[in-house]
>>> print(open('final-v4.cif').read())   # mmCIF, C-alpha atoms
data_structure
#
loop_
_atom_site.label_atom_id
_atom_site.label_comp_id
_atom_site.auth_asym_id
_atom_site.auth_seq_id
_atom_site.Cartn_x
_atom_site.Cartn_y
_atom_site.Cartn_z
CA MET O 327 -56.75 49.67 14.91
CA ALA O 328 -56.72 47.33 11.92
CA SER O 329 -53.91 49.39 10.42
CA SER O 330 -51.71 49.09 13.53
CA ARG O 331 -52.43 45.33 13.69
CA ARG O 332 -51.39 45.01 10.05
CA ARG O 333 -48.22 47.01 10.72
CA GLY O 334 -47.42 44.75 13.67
CA ARG O 335 -47.90 41.65 11.53
CA ALA O 336 -45.66 43.16 8.83
CA ARG O 337 -42.91 43.79 11.39
CA ILE O 338 -43.10 40.18 12.59
CA THR O 339 -42.99 38.83 9.01
CA ILE O 340 -40.00 41.02 8.09
CA SER O 341 -38.17 40.03 11.28
CA LEU O 342 -38.78 36.33 10.64
CA LEU O 343 -37.53 36.64 7.07
CA LEU O 344 -34.40 38.47 8.24
CA LEU O 345 -33.76 35.75 10.81
CA SER O 346 -34.21 33.11 8.10
CA ALA O 347 -31.66 34.89 5.91
CA VAL O 348 -29.16 35.04 8.79
CA LEU O 349 -29.78 31.33 9.44
CA LEU O 350 -29.09 30.53 5.78
CA LEU O 351 -25.90 32.60 5.85
CA THR O 352 -24.77 30.72 8.95
CA LEU O 353 -25.50 27.34 7.37
CA ASP O 354 -23.63 28.36 4.22
CA SER O 355 -20.61 29.62 6.13
CA ARG O 356 -20.38 26.21 7.78
CA GLY O 357 -20.29 24.56 4.35
CA SER O 358 -23.78 23.12 4.45
CA GLY O 359 -24.23 20.27 1.94
CA PRO O 360 -27.80 21.06 0.84
CA VAL O 361 -26.83 24.57 -0.27
CA GLN O 362 -24.01 23.25 -2.46
CA SER O 363 -26.25 20.52 -3.86
CA ALA O 364 -29.01 23.00 -4.65
CA ARG O 365 -26.59 25.32 -6.43
CA SER O 366 -25.15 22.41 -8.45
CA ALA O 367 -28.66 21.27 -9.41
CA VAL O 368 -29.61 24.77 -10.58
CA LEU O 369 -26.34 24.95 -12.53
CA SER O 370 -27.17 21.64 -14.26
CA VAL O 371 -30.63 22.82 -15.25
CA LEU O 372 -29.79 26.37 -16.34
CA SER O 373 -26.44 25.81 -18.07
CA PRO O 374 -27.75 24.36 -21.34
CA LEU O 375 -30.34 27.14 -21.49
CA GLY O 376 -27.64 29.71 -20.81
CA SER O 377 -25.44 28.35 -23.61
CA ALA O 378 -28.34 28.39 -26.07
CA ALA O 379 -29.38 31.90 -25.05
CA SER O 380 -25.78 33.11 -25.31
CA THR O 381 -25.66 31.93 -28.93
CA VAL O 382 -29.03 33.50 -29.78
CA VAL O 383 -28.33 36.91 -28.23
CA SER O 384 -24.68 37.16 -29.29
CA PRO O 385 -25.37 39.51 -32.27
CA PHE O 386 -27.37 41.82 -29.99
CA ARG O 387 -24.72 41.59 -27.28
CA ASN O 388 -21.99 42.53 -29.78
CA ALA O 389 -24.05 45.52 -30.95
CA TRP O 390 -24.65 46.53 -27.31
CA ASN O 391 -20.95 46.31 -26.49
CA SER O 392 -20.07 48.36 -29.59
CA ALA O 393 -22.63 51.02 -28.69
CA PHE O 394 -21.38 51.47 -25.17
CA ASP O 395 -17.73 51.51 -26.23
CA GLN O 396 -18.29 54.04 -29.07
CA GLY O 397 -17.04 57.04 -27.10
CA ASN O 398 -13.79 55.35 -26.33
CA LEU O 399 -13.24 53.84 -29.78
CA LYS O 400 -11.58 56.85 -31.46
CA GLN O 401 -9.24 57.47 -28.58
CA GLU O 402 -8.56 53.78 -28.28
CA ASN O 403 -7.84 53.59 -32.01
CA GLU O 404 -5.23 56.32 -31.81
CA THR O 405 -3.67 54.79 -28.75
CA LEU O 406 -3.57 51.41 -30.48
CA ARG O 407 -1.86 52.87 -33.57
CA GLU O 408 0.86 54.39 -31.43
CA GLU O 409 1.14 51.23 -29.41
CA ASN O 410 1.30 49.14 -32.58
CA ASP O 411 4.29 51.12 -33.85
CA ARG O 412 6.00 50.78 -30.52
CA LEU O 413 5.23 47.07 -30.28
CA LYS O 414 6.69 46.36 -33.71
CA GLY O 415 9.97 47.62 -32.35
CA ASP O 416 9.55 45.66 -29.17
CA ILE O 417 8.83 42.32 -30.85
CA THR O 418 12.44 41.49 -31.37
CA ALA O 419 13.40 42.50 -27.85
CA ASN O 420 10.44 40.59 -26.41
CA SER O 421 11.21 37.37 -28.19
CA ILE O 422 14.65 37.46 -26.60
CA ALA O 423 13.13 38.31 -23.21
CA LYS O 424 10.63 35.46 -23.56
CA GLN O 425 13.43 33.01 -24.17
CA GLN O 426 15.22 34.36 -21.12
CA LEU O 427 12.04 34.05 -19.01
CA GLN O 428 11.55 30.42 -20.08
CA GLN O 429 15.15 29.70 -19.13
CA LEU O 430 14.68 31.51 -15.80
CA LEU O 431 11.53 29.56 -14.96
CA GLN O 432 13.31 26.31 -15.76
CA LEU O 433 16.34 27.35 -13.72
CA VAL O 434 14.30 28.12 -10.62
CA GLY O 435 12.30 24.94 -11.07
CA ILE O 436 8.92 26.22 -12.25
CA PRO O 437 7.58 23.54 -14.59
CA PHE O 438 4.13 25.28 -14.53
CA VAL O 439 1.61 22.48 -14.64
CA GLY O 440 4.27 19.89 -15.46
CA ASP O 441 2.97 16.35 -15.81
CA THR O 442 -0.26 17.00 -13.92
CA PRO O 443 -3.17 16.26 -16.28
CA VAL O 444 -5.43 19.15 -17.23
CA VAL O 445 -8.90 19.40 -18.73
CA HIS O 446 -9.18 21.95 -21.51
CA THR O 447 -12.41 23.91 -21.18
CA ARG O 448 -14.25 26.77 -22.84
CA VAL O 449 -15.73 29.67 -20.88
CA VAL O 450 -19.49 29.60 -21.44
CA SER O 451 -20.64 32.47 -19.28
CA GLY O 452 -19.54 35.07 -16.80
CA ALA O 453 -21.08 36.33 -13.58
CA VAL O 454 -24.87 36.29 -13.11
CA GLY O 455 -24.90 38.85 -10.30
CA ASN O 456 -22.95 42.08 -10.03
CA PHE O 457 -20.86 40.99 -7.06
CA GLY O 458 -18.35 38.16 -6.98
CA ASP O 459 -16.25 37.22 -9.99
CA ARG O 460 -17.02 33.83 -11.43
CA LEU O 461 -16.81 31.97 -14.69
CA GLU O 462 -18.74 29.00 -15.95
CA LEU O 463 -16.79 26.36 -17.89
CA ASP O 464 -18.20 23.78 -20.29
CA LYS O 465 -16.81 20.67 -18.53
CA GLY O 466 -17.77 19.11 -15.22
CA SER O 467 -17.51 15.98 -13.12
CA ASN O 468 -17.81 13.77 -16.21
CA ALA O 469 -14.37 15.08 -17.24
CA GLY O 470 -12.92 14.39 -13.78
CA ILE O 471 -13.28 17.93 -12.45
CA GLU O 472 -13.86 18.28 -8.70
CA ARG O 473 -14.37 21.17 -6.32
CA ASN O 474 -11.28 23.20 -5.30
CA MET O 475 -9.22 22.17 -8.32
CA PRO O 476 -7.00 25.01 -9.61
CA VAL O 477 -7.81 26.71 -12.91
CA VAL O 478 -5.10 28.19 -15.12
CA THR O 479 -4.59 29.79 -18.49
CA GLY O 480 -1.36 29.67 -20.48
CA GLU O 481 -0.21 32.67 -18.43
CA GLY O 482 -0.87 31.45 -14.91
CA LEU O 483 -3.33 30.75 -12.12
CA ILE O 484 -6.76 32.38 -12.46
CA GLY O 485 -8.90 30.69 -9.80
CA LYS O 486 -10.37 27.51 -8.43
CA VAL O 487 -13.45 25.38 -9.06
CA ILE O 488 -16.22 26.01 -6.55
CA GLU O 489 -19.26 24.28 -8.08
CA VAL O 490 -19.44 21.18 -10.23
CA SER O 491 -22.27 19.54 -12.10
CA GLU O 492 -21.97 16.72 -14.64
CA ASN O 493 -21.16 18.91 -17.62
CA ARG O 494 -20.42 22.30 -16.11
CA CYS O 495 -18.28 23.85 -13.42
CA VAL O 496 -18.09 27.29 -11.86
CA VAL O 497 -14.77 28.99 -11.16
CA SER O 498 -14.22 31.64 -8.54
CA LEU O 499 -11.55 34.03 -9.82
CA LEU O 500 -8.49 34.71 -7.71
CA SER O 501 -9.05 38.45 -8.18
CA SER O 502 -12.49 38.26 -6.53
CA GLY O 503 -11.03 38.13 -3.03
CA THR O 504 -13.20 35.17 -2.06
CA PHE O 505 -10.20 32.96 -1.25
CA ARG O 506 -6.50 33.22 -0.53
CA VAL O 507 -3.49 31.52 -2.01
CA GLY O 508 -0.09 30.87 -0.47
CA PHE O 509 2.71 32.17 -2.66
CA SER O 510 6.48 32.21 -2.81
CA VAL O 511 8.66 34.87 -4.40
CA VAL O 512 10.81 33.14 -6.99
CA GLY O 513 14.52 33.32 -6.29
CA THR O 514 14.04 34.17 -2.60
CA ALA O 515 12.91 32.34 0.53
CA ALA O 516 10.01 34.77 0.96
CA ILE O 517 6.53 33.33 1.24
CA GLY O 518 3.20 34.98 1.91
CA ILE O 519 -0.53 34.90 1.37
CA ALA O 520 -2.16 36.60 -1.62
CA GLN O 521 -5.76 37.70 -1.92
CA GLY O 522 -7.67 39.57 -4.61
CA SER O 523 -9.05 43.01 -3.98
CA GLY O 524 -12.35 42.48 -5.77
CA GLY O 525 -11.30 44.42 -8.84
CA ASP O 526 -9.16 43.63 -11.87
CA GLY O 527 -6.12 41.38 -11.80
CA SER O 528 -4.42 42.91 -8.79
CA LEU O 529 -3.69 41.04 -5.58
CA ARG O 530 -2.41 42.00 -2.16
CA GLY O 531 0.31 39.79 -0.65
CA THR O 532 0.71 39.80 3.13
CA ASN O 533 2.53 37.95 5.92
CA ILE O 534 5.96 38.25 4.28
CA ASP O 535 8.99 38.28 6.56
CA SER O 536 10.40 41.81 6.18
CA ARG O 537 13.96 40.53 6.71
CA LEU O 538 13.77 38.83 3.33
CA ALA O 539 14.37 41.18 0.43
CA VAL O 540 11.58 41.28 -2.14
CA ALA O 541 12.14 43.42 -5.21
CA VAL O 542 9.61 45.06 -7.50
CA GLY O 543 9.34 42.94 -10.64
CA ALA O 544 9.94 39.66 -8.83
CA ILE O 545 7.89 36.69 -10.00
CA THR O 546 5.44 35.02 -7.62
CA ALA O 547 4.14 31.46 -7.82
CA THR O 548 2.01 29.21 -5.65
CA SER O 549 4.00 27.95 -2.69
CA GLY O 550 2.25 24.57 -2.43
CA LEU O 551 3.14 24.32 1.24
CA ALA O 552 1.59 21.47 3.23
CA GLY O 553 -2.17 21.83 3.38
CA SER O 554 -2.27 24.28 0.50
CA PRO O 555 -5.19 23.71 -1.87
CA PHE O 556 -2.90 24.57 -4.80
CA PRO O 557 0.08 22.66 -6.21
CA PRO O 558 3.44 24.42 -6.05
CA ASN O 559 4.88 26.56 -8.83
CA LEU O 560 1.79 27.78 -10.63
CA PRO O 561 2.78 31.29 -11.79
CA ILE O 562 0.63 34.03 -10.21
CA GLY O 563 2.08 37.39 -11.20
CA THR O 564 4.77 39.99 -10.71
CA VAL O 565 5.38 42.19 -7.68
CA THR O 566 4.49 45.81 -8.48
CA ALA O 567 5.00 47.43 -5.07
CA VAL O 568 6.58 46.52 -1.74
CA ARG O 569 5.75 48.07 1.65
CA THR O 570 7.63 47.19 4.79
CA ASN O 571 6.45 47.56 8.36
CA GLU O 572 9.67 47.33 10.34
CA ALA O 573 7.89 47.32 13.67
CA ALA O 574 5.79 44.32 12.73
CA LEU O 575 8.65 42.67 10.80
CA GLU O 576 6.21 42.21 7.97
CA SER O 577 6.14 43.26 4.34
CA THR O 578 3.13 43.55 2.09
CA VAL O 579 3.31 43.51 -1.69
CA ASP O 580 1.03 44.35 -4.59
CA ILE O 581 0.93 41.67 -7.26
CA SER O 582 -0.23 42.10 -10.85
CA MET O 583 -1.56 38.79 -12.13
CA PHE O 584 0.05 37.30 -15.25
CA ALA O 585 -3.31 36.06 -16.55
CA ASN O 586 -5.56 38.57 -18.26
CA LEU O 587 -9.03 38.02 -16.82
CA ASN O 588 -10.85 40.09 -19.41
CA ASN O 589 -12.57 38.24 -22.23
CA LEU O 590 -11.31 34.81 -21.23
CA VAL O 591 -12.30 32.21 -23.81
CA TYR O 592 -10.41 29.09 -22.73
CA ALA O 593 -9.10 27.84 -19.41
CA ASP O 594 -7.51 24.62 -18.14
CA VAL O 595 -8.63 22.85 -14.98
CA VAL O 596 -5.65 21.17 -13.30
CA LEU O 597 -6.71 17.73 -12.08
CA TRP O 598 -4.85 18.12 -8.82
CA LYS O 599 -5.98 17.50 -5.27
CA PRO O 600 -3.98 18.16 -2.12
CA ALA O 601 -2.40 15.05 -0.63
CA GLY O 602 -4.37 13.51 2.22
CA MET D 705 -53.36 29.32 -11.12
CA ASN D 706 -55.38 32.20 -9.70
CA HIS D 707 -53.66 32.22 -6.33
CA PRO D 708 -51.30 35.23 -5.96
CA ALA D 709 -48.51 33.09 -4.45
CA LEU D 710 -48.52 30.77 -7.45
CA ARG D 711 -48.55 33.71 -9.85
CA TYR D 712 -45.65 35.31 -7.99
CA VAL D 713 -43.73 32.02 -8.34
CA ILE D 714 -44.27 32.24 -12.10
CA VAL D 715 -43.16 35.89 -12.16
CA ILE D 716 -40.02 35.17 -10.11
CA ALA D 717 -39.13 32.06 -12.14
CA THR D 718 -39.51 34.00 -15.39
CA ALA D 719 -37.39 36.86 -14.05
CA ALA D 720 -34.70 34.40 -12.89
CA PHE D 721 -34.67 32.73 -16.31
CA LEU D 722 -34.37 36.08 -18.10
CA GLN D 723 -31.68 37.24 -15.67
CA TYR D 724 -29.57 34.12 -16.24
CA THR D 725 -29.99 33.84 -19.99
CA VAL D 726 -30.39 37.37 -21.34
CA ILE D 727 -29.94 40.24 -18.89
CA THR D 728 -26.42 39.25 -17.75
CA GLN D 729 -25.22 39.35 -21.37
CA PHE D 730 -25.84 43.10 -21.54
CA ARG D 731 -23.48 44.95 -19.26
CA ILE D 732 -22.32 48.52 -18.82
CA ALA D 733 -18.94 48.84 -17.08
CA GLY D 734 -19.26 45.18 -16.11
CA VAL D 735 -22.61 45.71 -14.39
CA SER D 736 -25.96 44.34 -15.53
CA ALA D 737 -29.54 45.11 -14.51
CA ASP D 738 -30.95 43.08 -11.61
CA LEU D 739 -34.38 41.89 -12.70
CA LEU D 740 -35.06 39.96 -9.50
CA LEU D 741 -34.39 43.06 -7.44
CA VAL D 742 -36.79 45.01 -9.65
CA ILE D 743 -39.51 42.39 -9.06
CA ALA D 744 -39.01 42.79 -5.29
CA ILE D 745 -39.31 46.57 -5.63
CA ALA D 746 -42.42 46.33 -7.79
CA ALA D 747 -44.04 43.87 -5.34
CA GLY D 748 -43.31 46.30 -2.48
CA MET D 749 -44.86 49.17 -4.41
CA ILE D 750 -47.96 47.14 -5.31
CA GLY D 751 -48.51 45.22 -2.07
CA GLY D 752 -46.71 47.19 0.64
CA ALA D 753 -43.63 46.53 2.77
CA GLU D 754 -44.70 43.07 3.94
CA ARG D 755 -45.44 41.81 0.43
CA GLY D 756 -42.21 43.40 -0.79
CA ALA D 757 -40.26 41.62 1.95
CA ILE D 758 -41.73 38.21 1.12
CA VAL D 759 -41.32 38.52 -2.66
CA GLY D 760 -37.88 40.13 -2.22
CA PHE D 761 -36.75 37.31 0.05
CA ALA D 762 -37.99 34.66 -2.40
CA SER D 763 -36.51 36.33 -5.48
CA GLY D 764 -33.25 36.91 -3.61
CA LEU D 765 -33.05 33.23 -2.68
CA CYS D 766 -33.58 32.41 -6.34
CA LEU D 767 -30.62 34.63 -7.29
CA ASP D 768 -28.60 33.14 -4.41
CA LEU D 769 -28.83 29.78 -6.17
CA MET D 770 -27.16 31.24 -9.28
CA VAL D 771 -24.26 33.18 -7.77
CA THR D 772 -21.24 32.32 -5.67
CA THR D 773 -21.57 34.91 -2.93
CA PRO D 774 -22.65 33.66 0.55
CA PHE D 775 -26.07 32.02 0.37
CA GLY D 776 -28.66 34.38 1.87
CA LEU D 777 -27.02 37.71 0.95
CA CYS D 778 -29.21 38.23 -2.11
CA ALA D 779 -32.24 37.30 0.02
CA ILE D 780 -31.36 40.11 2.45
CA SER D 781 -30.80 42.48 -0.46
CA GLY D 782 -34.19 41.66 -2.04
CA LEU D 783 -35.94 41.85 1.30
CA VAL D 784 -34.51 45.30 2.07
CA ALA D 785 -35.31 46.59 -1.43
CA GLY D 786 -38.89 45.31 -1.19
CA VAL D 787 -39.46 46.81 2.26
CA VAL D 788 -37.94 50.19 1.33
CA ALA D 789 -40.04 50.34 -1.86
CA GLY D 790 -43.20 49.51 0.12
CA LEU D 791 -42.49 52.10 2.82
CA LEU D 792 -41.63 54.83 0.31
CA GLU D 793 -44.71 54.09 -1.79
CA ASP D 794 -46.87 54.30 1.36
CA ALA D 795 -45.26 57.60 2.32
CA THR D 796 -45.93 59.28 -1.02
CA VAL D 797 -49.09 61.33 -1.24
CA HIS D 798 -49.57 61.26 -5.00
CA SER D 799 -48.39 58.95 -7.73
CA ALA D 800 -46.33 60.04 -10.72
CA ARG D 801 -44.08 58.19 -13.14
CA TRP D 802 -40.98 60.11 -12.12
CA LEU D 803 -41.74 59.42 -8.45
CA THR D 804 -42.08 55.70 -9.19
CA MET D 805 -38.68 55.79 -10.89
CA VAL D 806 -37.11 57.64 -7.95
CA ILE D 807 -38.53 55.09 -5.51
CA ALA D 808 -37.16 52.25 -7.67
CA PHE D 809 -33.73 53.92 -7.72
CA VAL D 810 -33.65 54.50 -3.97
CA ALA D 811 -34.97 51.01 -3.13
CA SER D 812 -32.47 49.28 -5.40
CA SER D 813 -29.65 51.35 -3.87
CA ALA D 814 -30.81 50.30 -0.41
CA GLY D 815 -30.85 46.65 -1.51
CA ILE D 816 -27.35 46.81 -3.00
CA LEU D 817 -25.91 48.66 -0.01
CA SER D 818 -27.43 46.13 2.40
CA PHE D 819 -25.84 43.36 0.31
CA ALA D 820 -22.41 45.00 0.40
CA ILE D 821 -22.58 45.85 4.10
CA ALA D 822 -23.87 42.41 5.15
CA GLY D 823 -21.16 40.80 2.99
CA THR D 824 -18.50 42.97 4.62
CA LEU D 825 -19.75 41.99 8.08
CA LEU D 826 -19.42 38.36 6.99
CA GLY D 827 -15.74 38.82 6.15
CA ARG D 828 -15.99 39.87 2.51
CA PRO D 829 -14.58 43.44 2.53
CA ASP D 830 -14.12 43.24 -1.26
CA LEU D 831 -17.90 43.63 -1.64
CA LEU D 832 -17.70 47.19 -0.29
CA SER D 833 -15.04 48.38 -2.75
CA GLY D 834 -15.24 51.45 -5.00
CA HIS D 835 -16.99 49.30 -7.60
CA VAL D 836 -20.13 49.49 -5.43
CA LEU D 837 -20.71 53.08 -6.61
CA THR D 838 -20.78 51.93 -10.25
CA ILE D 839 -23.15 49.10 -9.32
CA LEU D 840 -25.39 51.52 -7.39
CA ALA D 841 -25.62 53.91 -10.32
CA ILE D 842 -26.18 51.38 -13.10
CA VAL D 843 -28.51 49.03 -11.21
CA GLY D 844 -30.40 52.07 -9.88
CA ILE D 845 -30.94 53.54 -13.34
CA THR D 846 -31.87 50.19 -14.93
CA SER D 847 -34.24 49.45 -12.03
CA ALA D 848 -35.93 52.80 -12.57
CA ALA D 849 -36.39 51.93 -16.24
CA LEU D 850 -37.52 48.34 -15.71
CA VAL D 851 -39.89 49.01 -12.82
CA PHE D 852 -42.89 49.72 -15.09
CA PRO D 853 -43.03 46.31 -16.81
CA ALA D 854 -42.27 44.75 -13.41
CA LEU D 855 -45.24 46.62 -11.89
CA ARG D 856 -47.48 45.19 -14.62
CA ALA D 857 -46.22 41.68 -13.87
CA CYS D 858 -46.87 42.16 -10.12
CA ARG D 859 -50.34 43.60 -10.79
CA TRP D 860 -51.07 40.46 -12.81
CA ALA D 861 -49.75 38.33 -9.94
CA ASP D 862 -51.83 40.06 -7.29
CA PRO D 863 -54.67 42.03 -8.92
CA GLU D 864 -56.81 42.29 -5.77
CA ASP D 865 -54.05 43.75 -3.61
CA ALA D 866 -53.14 46.20 -6.36
CA LEU D 867 -56.75 47.40 -6.65
CA LEU D 868 -57.23 47.65 -2.87
CA ARG D 869 -54.11 49.71 -2.37
CA ALA D 870 -54.89 51.90 -5.34
CA ALA D 871 -58.36 52.57 -3.90
CA ALA D 872 -56.96 53.29 -0.44
CA ARG D 873 -54.63 56.00 -1.75
#
>>> encode(input="final-v4.cif", output="structure tokens")
Amino acid sequence: MASSRRRGRARITISLLLLSAVLLLTLDSRGSGPVQSARSAVLSVLSPLGSAASTVVSPFRNAWNSAFDQGNLKQENETLREENDRLKGDITANSIAKQQLQQLLQLVGIPFVGDTPVVHTRVVSGAVGNFGDRLELDKGSNAGIERNMPVVTGEGLIGKVIEVSENRCVVSLLSSGTFRVGFSVVGTAAIGIAQGSGGDGSLRGTNIDSRLAVAVGAITATSGLAGSPFPPNLPIGTVTAVRTNEAALESTVDISMFANLNNLVYADVVLWKPAG
Amino acid sequence: MNHPALRYVIVIATAAFLQYTVITQFRIAGVSADLLLVIAIAAGMIGGAERGAIVGFASGLCLDLMVTTPFGLCAISGLVAGVVAGLLEDATVHSARWLTMVIAFVASSAGILSFAIAGTLLGRPDLLSGHVLTILAIVGITSAALVFPALRACRWADPEDALLRAAAR
């Protein structure tokens, strides 16, 4: 009797907690202010501790990383030797190609960040959980950083700011799939919407008019169309595959991001806000 | 200080601090252990499904404050892990270390799967990608290894409940 009463009470407690979780999810999906404020407050409190701990445990972390990469090191070493030889030969060709790329970007009007001011930041930590790609940077609202500002490296767009405290900000990576970005294919009139697939630096571009030719290898950049949270012409990546659905008059593309998201050390926050 | 709720607050706060500062620095294939999930599992094994649900919900909310995924997803994950651990512990006839580890593995897998599925239902299909299998394996194994110190912490937090349930078995 007592056991069944206890089981009944447990069911009610679990149901109430589940309902509370659903309520919190609903509030968060509607952009509830208290949730954002609470996360920013926690970020402010924990960030200095995280930086200090990162410094203290770095020797152990390096040893850990070496231990778990040991199996791959020999193979990686051989591969790197071969690659090194090949790259020596490619250096000359690449320097010419780089010059050509710079000229091409200028010709098609991609000034990258241009005159827009940026804040140079250092990456202080990566993700806390196992889901959702994020980075923590060592500058915050004191440096003029606000939510939704784009974040770039020297290679291109990597994400946008989603949390800000006085001296820290959190960046959601474009590859995480948590937000979408409007893009244009350089040299064509094609535009579309790109979203990460939750893995490495690969994106899926959709909503492209199939009547417009998009070639593999084409460069993509932010479109900056009205209402876009990103300024125009921030390089995103190159098209690696194109699929066309003639019936739907729509093409989808795979995009490989220019920016290497592994082991990021520095990133720039572009102090840009959409007009209006 | 002697009240179990207060002690559980201390346990969860300590686990959150360790998760943020130390545990996340040590990753295998980009995945780290989930100390807060382990606390939920240990609480479920010590105090039953209801206790596991409450502690799992609280520890999940704590983790929700530190991540960027929808607020409440980690709470669901912790809740499910705590409940599953409590139910499995109740269903086992005898106690053995390997069985405790298996329960921790299964409960953490249930928690992670509930996170990924709830996230997908909320419009985040990326959470249910192939990477989930890696997360399941690594978090499951680390949970199985970390469950013993977590059980000690939960026994400290709620000594009476731990003794009562041990006597009832």
>>> interface_residues(input="final-v4.cif", of="chain D", to="chain O", cutoff="7 Å", atoms="all atoms listed in the file", output="PyMOL selection string")
chain D and resi 724-726+728-730+735-736+754+757+769-776+779-780+830-831
>>> write_last_selection(input="final-v4.cif", atoms="C-alpha atoms", output="PDB file, in the frame of the given file")
ATOM      1  CA  TYR D 724     -29.570  34.120 -16.240  1.00  0.00           C
ATOM      2  CA  THR D 725     -29.990  33.840 -19.990  1.00  0.00           C
ATOM      3  CA  VAL D 726     -30.390  37.370 -21.340  1.00  0.00           C
ATOM      4  CA  THR D 728     -26.420  39.250 -17.750  1.00  0.00           C
ATOM      5  CA  GLN D 729     -25.220  39.350 -21.370  1.00  0.00           C
ATOM      6  CA  PHE D 730     -25.840  43.100 -21.540  1.00  0.00           C
ATOM      7  CA  VAL D 735     -22.610  45.710 -14.390  1.00  0.00           C
ATOM      8  CA  SER D 736     -25.960  44.340 -15.530  1.00  0.00           C
ATOM      9  CA  GLU D 754     -44.700  43.070   3.940  1.00  0.00           C
ATOM     10  CA  ALA D 757     -40.260  41.620   1.950  1.00  0.00           C
ATOM     11  CA  LEU D 769     -28.830  29.780  -6.170  1.00  0.00           C
ATOM     12  CA  MET D 770     -27.160  31.240  -9.280  1.00  0.00           C
ATOM     13  CA  VAL D 771     -24.260  33.180  -7.770  1.00  0.00           C
ATOM     14  CA  THR D 772     -21.240  32.320  -5.670  1.00  0.00           C
ATOM     15  CA  THR D 773     -21.570  34.910  -2.930  1.00  0.00           C
ATOM     16  CA  PRO D 774     -22.650  33.660   0.550  1.00  0.00           C
ATOM     17  CA  PHE D 775     -26.070  32.020   0.370  1.00  0.00           C
ATOM     18  CA  GLY D 776     -28.660  34.380   1.870  1.00  0.00           C
ATOM     19  CA  ALA D 779     -32.240  37.300   0.020  1.00  0.00           C
ATOM     20  CA  ILE D 780     -31.360  40.110   2.450  1.00  0.00           C
ATOM     21  CA  ASP D 830     -14.120  43.240  -1.260  1.00  0.00           C
ATOM     22  CA  LEU D 831     -17.900  43.630  -1.640  1.00  0.00           C
TER      23      LEU D 831
END
>>> residues_near_point(input="final-v4.cif", point="(-12.4, 26.8, -23.8)", cutoff="6 Å", atoms="all atoms listed in the file", output="list in words")
Thr447, Arg448, Val449, Val591, Tyr592 and Ala593 of chain O
>>> closest_residue(input="final-v4.cif", among="D:Gly827, D:Glu793, D:Gly782, D:Leu803", to="D:Val742", atoms="all atoms listed in the file")
D:Gly782
>>> resolve_selection(input="final-v4.cif", expression="the PyMOL selection byres ((chain D and resi 746) around 12)", output="CSV table (one decimal) with C-alpha atoms, in the frame of the given file")
chain,number,residue,atom,x,y,z
D,712,TYR,CA,-45.6,35.3,-8.0
D,715,VAL,CA,-43.2,35.9,-12.2
D,716,ILE,CA,-40.0,35.2,-10.1
D,739,LEU,CA,-34.4,41.9,-12.7
D,740,LEU,CA,-35.1,40.0,-9.5
D,741,LEU,CA,-34.4,43.1,-7.4
D,742,VAL,CA,-36.8,45.0,-9.6
D,743,ILE,CA,-39.5,42.4,-9.1
D,744,ALA,CA,-39.0,42.8,-5.3
D,745,ILE,CA,-39.3,46.6,-5.6
D,747,ALA,CA,-44.0,43.9,-5.3
D,748,GLY,CA,-43.3,46.3,-2.5
D,749,MET,CA,-44.9,49.2,-4.4
D,750,ILE,CA,-48.0,47.1,-5.3
D,751,GLY,CA,-48.5,45.2,-2.1
D,752,GLY,CA,-46.7,47.2,0.6
D,753,ALA,CA,-43.6,46.5,2.8
D,755,ARG,CA,-45.4,41.8,0.4
D,756,GLY,CA,-42.2,43.4,-0.8
D,757,ALA,CA,-40.3,41.6,2.0
D,759,VAL,CA,-41.3,38.5,-2.7
D,760,GLY,CA,-37.9,40.1,-2.2
D,763,SER,CA,-36.5,36.3,-5.5
D,782,GLY,CA,-34.2,41.7,-2.0
D,785,ALA,CA,-35.3,46.6,-1.4
D,786,GLY,CA,-38.9,45.3,-1.2
D,787,VAL,CA,-39.5,46.8,2.3
D,788,VAL,CA,-37.9,50.2,1.3
D,789,ALA,CA,-40.0,50.3,-1.9
D,790,GLY,CA,-43.2,49.5,0.1
D,792,LEU,CA,-41.6,54.8,0.3
D,793,GLU,CA,-44.7,54.1,-1.8
D,804,THR,CA,-42.1,55.7,-9.2
D,805,MET,CA,-38.7,55.8,-10.9
D,807,ILE,CA,-38.5,55.1,-5.5
D,808,ALA,CA,-37.2,52.2,-7.7
D,809,PHE,CA,-33.7,53.9,-7.7
D,811,ALA,CA,-35.0,51.0,-3.1
D,812,SER,CA,-32.5,49.3,-5.4
D,847,SER,CA,-34.2,49.4,-12.0
D,848,ALA,CA,-35.9,52.8,-12.6
D,849,ALA,CA,-36.4,51.9,-16.2
D,850,LEU,CA,-37.5,48.3,-15.7
D,851,VAL,CA,-39.9,49.0,-12.8
D,852,PHE,CA,-42.9,49.7,-15.1
D,853,PRO,CA,-43.0,46.3,-16.8
D,854,ALA,CA,-42.3,44.8,-13.4
D,855,LEU,CA,-45.2,46.6,-11.9
D,856,ARG,CA,-47.5,45.2,-14.6
D,857,ALA,CA,-46.2,41.7,-13.9
D,858,CYS,CA,-46.9,42.2,-10.1
D,859,ARG,CA,-50.3,43.6,-10.8
D,860,TRP,CA,-51.1,40.5,-12.8
D,861,ALA,CA,-49.8,38.3,-9.9
D,862,ASP,CA,-51.8,40.1,-7.3
D,866,ALA,CA,-53.1,46.2,-6.4
>>> residues_near_point(input="final-v4.cif", point="(-0.7, 43.5, 0.4)", cutoff="6 Å", atoms="all atoms listed in the file", output="list in words")
Arg530, Gly531, Thr532, Thr578, Val579 and Asp580 of chain O
